[in-house]
Amino acid sequence: MLREEEIRKKVKILKKFYLDVIYFGIVNFILILIWLTFDRTGTFWPKYVIVVWGVALIFRAYRMGVIPFMFHRVAFLNQDWEDKKVREIVRHRDIHRKSSVHKDKKEK
């Protein structure tokens with residue numbers, strides 16, 4: 001069970017993330033306006049900032065648990081898959097141990 005202190009810390013981290021998303025929007029809006037004003041005919045250079053910063057925000061959001069809904073359909077990324085895989089490996093290990101124990105008894 002989380003104590004109130006830990007919950008407050010998590011909420012502050014979440015608040016900081018949401019502020020980063022707002023900064024992302026504002027800064028990229030300004031960069032696009034600069035591009036439109038001074039360099040409309042050239043390459044759309046703000047895309048590099050948008051892509052790199054956006055990918056970083058997505059990974060950060062996923063690690064924080066803000067966007068787990070995006071990956072719930074990917075079977076190997078959810079908790080159920082992990083639990084199932086652990087049980088499968090443990091079962092395989094136990095079966096392997098039992099068969100090696102039976103072989104040892106037969107040899108004696």
# chains A, B, ... in the order shown; residues from 1 in each chain; ligands from 1

$ residues_around --residues "range 53-62 of chain A" --least-positions-apart "5" --cutoff "8 Å" --atoms "only C-alpha atoms" --output "PDB file with N, CA and C atoms, in the first residue's frame"
ATOM      1  N   PHE A  17       5.253  15.734 -15.916  1.00  0.00           N
ATOM      2  CA  PHE A  17       5.090  15.161 -17.251  1.00  0.00           C
ATOM      3  C   PHE A  17       4.057  15.943 -18.056  1.00  0.00           C
ATOM      4  N   VAL A  21       4.423  18.032 -21.622  1.00  0.00           N
ATOM      5  CA  VAL A  21       3.576  17.888 -22.812  1.00  0.00           C
ATOM      6  C   VAL A  21       3.094  19.267 -23.274  1.00  0.00           C
ATOM      7  N   PHE A  24       5.950  20.979 -24.899  1.00  0.00           N
ATOM      8  CA  PHE A  24       6.129  20.367 -26.211  1.00  0.00           C
ATOM      9  C   PHE A  24       5.224  21.054 -27.229  1.00  0.00           C
ATOM     10  N   ILE A  67       0.244   5.889 -20.391  1.00  0.00           N
ATOM     11  CA  ILE A  67      -0.399   5.391 -21.610  1.00  0.00           C
ATOM     12  C   ILE A  67      -0.298   3.874 -21.752  1.00  0.00           C
ATOM     13  N   PRO A  68      -0.646   3.113 -20.744  1.00  0.00           N
ATOM     14  CA  PRO A  68      -0.597   1.664 -20.930  1.00  0.00           C
ATOM     15  C   PRO A  68      -1.654   1.173 -21.910  1.00  0.00           C
TER      16      PRO A  68
END

$ atom_distance --atom1 "CA of Val52 in chain A" --atom2 "CA of Ile26 in chain A"
15.5 Å

$ residues_around --residues "Trp45 in chain A" --least-positions-apart "5" --cutoff "10 Å" --atoms "only C-alpha atoms" --output "list of chain:residue names"
A:Leu31, A:Ile32, A:Trp35, A:Asp39, A:Ile50

$ write_last_selection --atoms "C-alpha atoms" --output "compact mmCIF listing (two decimals), in the first residue's frame"
# COMPACT_ATOMS: atom_id res chain seq x y z
CA LEU A 31 8.97 26.60 -34.19
CA ILE A 32 6.31 26.04 -36.84
CA TRP A 35 9.33 28.18 -40.15
CA ASP A 39 11.57 29.63 -44.38
CA ILE A 50 8.63 17.17 -33.13

$ atom_distance --atom1 "CA of Phe44 in chain A" --atom2 "CA of Phe29 in chain A"
12.9 Å

$ atom_distance --atom1 "CA of Arg63 in chain A" --atom2 "CA of Gln79 in chain A"
13.7 Å

$ residues_around --residues "Leu14 in chain A" --least-positions-apart "6" --cutoff "10 Å" --atoms "only C-alpha atoms" --output "PyMOL selection string"
chain A and resi 8+20+61+64-66
